[in-house]
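K.L.:
Below you'll find the structure I mean.
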Amino acid sequence: MKTKIFLNLAVKDLKRSIAFFTELGFSFNQKFTNDKGTCLIIGEDINVMLLVEEFYQTFTDKKICDTATTSEVLISISVETRQQVDEMIEKAVKAGGANYREAQDYGWMYQRTFLDPDGHHWEIFCMDESQIPSM
């Protein structure tokens, strides 16, 4: 079996999360969807499980973080163009998310950030890997 990535995020209102990410143009794997969670498809082998908090809590003994004051993960998604970065942020804000940080333009990479309705941190970026400065 090919390696796949499944990130897991706790959400307060699953229907609201599904509606939000649908507005951003994402789809869901119905095989992994019920009233406790859904599988948001990011790419062919990259998925985000959006799990209602009560169900998420069954996988850990740790407290679920308060995303208003704590960062648990930075999720970064690449797109092809600056225009697509800006469009994704506009869609996120229109769908109920928040524009979180000012645009960052490094010349070789352009990124912007939104928070989803549950406060999870999503970075959308495009980059020209041929222009990455040497480290």
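In the structure tokens, chains take the letters A, B, ... in the order shown, each chain's residues start at 1, and ligands count up from 1 in the order shown.
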Write out as a ChimeraX atom specification which residues come within 12 Å of A:Asp105 when counting only C-alpha atoms, dropping same-chain ones fewer than 4 positions away.

P.N.:
/A:82,85,109-112,125-128

K.L.:
Just write the chosen residues, all heavy atoms, as a PDB file, in the first residue's frame.

P.N.:
```
ATOM      1  N   ARG A  82      -0.079  32.952  -7.425  1.00  0.00           N
ATOM      2  CA  ARG A  82      -0.433  33.962  -6.424  1.00  0.00           C
ATOM      3  C   ARG A  82      -1.935  34.225  -6.451  1.00  0.00           C
ATOM      4  O   ARG A  82      -2.560  34.405  -5.409  1.00  0.00           O
ATOM      5  CB  ARG A  82       0.310  35.271  -6.693  1.00  0.00           C
ATOM      6  CG  ARG A  82       1.782  35.224  -6.437  1.00  0.00           C
ATOM      7  CD  ARG A  82       2.451  36.509  -6.900  1.00  0.00           C
ATOM      8  NE  ARG A  82       1.996  37.653  -6.156  1.00  0.00           N
ATOM      9  CZ  ARG A  82       2.708  38.295  -5.230  1.00  0.00           C
ATOM     10  NH1 ARG A  82       3.948  37.921  -4.976  1.00  0.00           N
ATOM     11  NH2 ARG A  82       2.212  39.319  -4.590  1.00  0.00           N
ATOM     12  N   VAL A  85      -3.705  31.713  -4.489  1.00  0.00           N
ATOM     13  CA  VAL A  85      -3.529  31.976  -3.056  1.00  0.00           C
ATOM     14  C   VAL A  85      -4.574  32.992  -2.608  1.00  0.00           C
ATOM     15  O   VAL A  85      -5.325  32.765  -1.651  1.00  0.00           O
ATOM     16  CB  VAL A  85      -2.103  32.501  -2.741  1.00  0.00           C
ATOM     17  CG1 VAL A  85      -2.013  32.972  -1.296  1.00  0.00           C
ATOM     18  CG2 VAL A  85      -1.058  31.436  -3.029  1.00  0.00           C
ATOM     19  N   MET A 109       8.560  32.810  -2.840  1.00  0.00           N
ATOM     20  CA  MET A 109       7.350  32.214  -2.264  1.00  0.00           C
ATOM     21  C   MET A 109       6.405  33.318  -1.811  1.00  0.00           C
ATOM     22  O   MET A 109       6.832  34.327  -1.259  1.00  0.00           O
ATOM     23  CB  MET A 109       7.692  31.320  -1.068  1.00  0.00           C
ATOM     24  CG  MET A 109       6.463  30.646  -0.466  1.00  0.00           C
ATOM     25  SD  MET A 109       6.864  29.441   0.831  1.00  0.00           S
ATOM     26  CE  MET A 109       7.259  30.523   2.190  1.00  0.00           C
ATOM     27  N   TYR A 110       5.124  33.083  -2.046  1.00  0.00           N
ATOM     28  CA  TYR A 110       4.064  34.004  -1.625  1.00  0.00           C
ATOM     29  C   TYR A 110       3.082  33.190  -0.798  1.00  0.00           C
ATOM     30  O   TYR A 110       2.665  32.109  -1.214  1.00  0.00           O
ATOM     31  CB  TYR A 110       3.383  34.595  -2.859  1.00  0.00           C
ATOM     32  CG  TYR A 110       2.196  35.464  -2.574  1.00  0.00           C
ATOM     33  CD1 TYR A 110       2.357  36.740  -2.022  1.00  0.00           C
ATOM     34  CD2 TYR A 110       0.911  35.040  -2.879  1.00  0.00           C
ATOM     35  CE1 TYR A 110       1.262  37.561  -1.780  1.00  0.00           C
ATOM     36  CE2 TYR A 110      -0.190  35.854  -2.635  1.00  0.00           C
ATOM     37  CZ  TYR A 110      -0.009  37.112  -2.094  1.00  0.00           C
ATOM     38  OH  TYR A 110      -1.088  37.921  -1.840  1.00  0.00           O
ATOM     39  N   GLN A 111       2.731  33.699   0.393  1.00  0.00           N
ATOM     40  CA  GLN A 111       1.798  32.942   1.227  1.00  0.00           C
ATOM     41  C   GLN A 111       0.849  33.861   1.980  1.00  0.00           C
ATOM     42  O   GLN A 111       1.169  34.991   2.297  1.00  0.00           O
ATOM     43  CB  GLN A 111       2.523  32.034   2.208  1.00  0.00           C
ATOM     44  CG  GLN A 111       3.064  32.722   3.438  1.00  0.00           C
ATOM     45  CD  GLN A 111       3.740  31.747   4.375  1.00  0.00           C
ATOM     46  OE1 GLN A 111       4.438  30.836   3.941  1.00  0.00           O
ATOM     47  NE2 GLN A 111       3.560  31.942   5.663  1.00  0.00           N
ATOM     48  N   ARG A 112      -0.313  33.313   2.248  1.00  0.00           N
ATOM     49  CA  ARG A 112      -1.310  33.979   3.083  1.00  0.00           C
ATOM     50  C   ARG A 112      -1.913  32.923   4.007  1.00  0.00           C
ATOM     51  O   ARG A 112      -1.802  31.724   3.754  1.00  0.00           O
ATOM     52  CB  ARG A 112      -2.397  34.628   2.226  1.00  0.00           C
ATOM     53  CG  ARG A 112      -1.833  35.803   1.420  1.00  0.00           C
ATOM     54  CD  ARG A 112      -2.869  36.530   0.629  1.00  0.00           C
ATOM     55  NE  ARG A 112      -3.867  37.157   1.486  1.00  0.00           N
ATOM     56  CZ  ARG A 112      -4.992  37.690   1.011  1.00  0.00           C
ATOM     57  NH1 ARG A 112      -5.249  37.675  -0.285  1.00  0.00           N
ATOM     58  NH2 ARG A 112      -5.869  38.234   1.836  1.00  0.00           N
ATOM     59  N   PHE A 125       0.042  28.745  -0.119  1.00  0.00           N
ATOM     60  CA  PHE A 125       1.233  29.355  -0.700  1.00  0.00           C
ATOM     61  C   PHE A 125       1.499  28.842  -2.106  1.00  0.00           C
ATOM     62  O   PHE A 125       1.022  27.776  -2.504  1.00  0.00           O
ATOM     63  CB  PHE A 125       2.460  29.094   0.188  1.00  0.00           C
ATOM     64  CG  PHE A 125       2.924  27.663   0.181  1.00  0.00           C
ATOM     65  CD1 PHE A 125       3.955  27.260  -0.655  1.00  0.00           C
ATOM     66  CD2 PHE A 125       2.339  26.719   1.021  1.00  0.00           C
ATOM     67  CE1 PHE A 125       4.381  25.935  -0.667  1.00  0.00           C
ATOM     68  CE2 PHE A 125       2.759  25.399   1.019  1.00  0.00           C
ATOM     69  CZ  PHE A 125       3.791  25.005   0.176  1.00  0.00           C
ATOM     70  N   CYS A 126       2.260  29.645  -2.844  1.00  0.00           N
ATOM     71  CA  CYS A 126       2.823  29.198  -4.114  1.00  0.00           C
ATOM     72  C   CYS A 126       4.302  29.533  -4.066  1.00  0.00           C
ATOM     73  O   CYS A 126       4.700  30.488  -3.392  1.00  0.00           O
ATOM     74  CB  CYS A 126       2.131  29.861  -5.310  1.00  0.00           C
ATOM     75  SG  CYS A 126       2.396  31.630  -5.430  1.00  0.00           S
ATOM     76  N   MET A 127       5.098  28.711  -4.719  1.00  0.00           N
ATOM     77  CA  MET A 127       6.531  29.011  -4.724  1.00  0.00           C
ATOM     78  C   MET A 127       7.165  28.526  -6.006  1.00  0.00           C
ATOM     79  O   MET A 127       6.682  27.599  -6.644  1.00  0.00           O
ATOM     80  CB  MET A 127       7.227  28.418  -3.517  1.00  0.00           C
ATOM     81  CG  MET A 127       7.407  26.935  -3.513  1.00  0.00           C
ATOM     82  SD  MET A 127       8.443  26.446  -2.114  1.00  0.00           S
ATOM     83  CE  MET A 127       7.724  24.868  -1.751  1.00  0.00           C
ATOM     84  N   ASP A 128       8.258  29.174  -6.338  1.00  0.00           N
ATOM     85  CA  ASP A 128       9.089  28.797  -7.463  1.00  0.00           C
ATOM     86  C   ASP A 128      10.338  28.154  -6.863  1.00  0.00           C
ATOM     87  O   ASP A 128      11.230  28.846  -6.408  1.00  0.00           O
ATOM     88  CB  ASP A 128       9.439  30.028  -8.293  1.00  0.00           C
ATOM     89  CG  ASP A 128      10.302  29.702  -9.495  1.00  0.00           C
ATOM     90  OD1 ASP A 128      10.827  28.561  -9.585  1.00  0.00           O
ATOM     91  OD2 ASP A 128      10.470  30.602 -10.336  1.00  0.00           O
TER      92      ASP A 128
END
```

K.L.:
Which of these, A:Cys65, A:Ile42, A:Ile18, A:Leu74, has the shortest distance to A:Ile5 once you count only C-alpha atoms?

P.N.:
A:Ile42

K.L.:
Just list the residues in chain A DSSP gives alpha helix (DSSP H) on the backbone, as a ChimeraX atom specification.

P.N.:
/A:14-23,53-56,82-94

K.L.:
Between A:Glu123, A:Asp13, A:Glu44, A:Glu53, single out the one closest to A:Phe28, counting only C-alpha atoms.

P.N.:
A:Glu44

K.L.:
Between atom CA of A:Val11 and atom CA of A:Asn29, measure the distance and give it in Å to one decimal.

P.N.:
17.2 Å
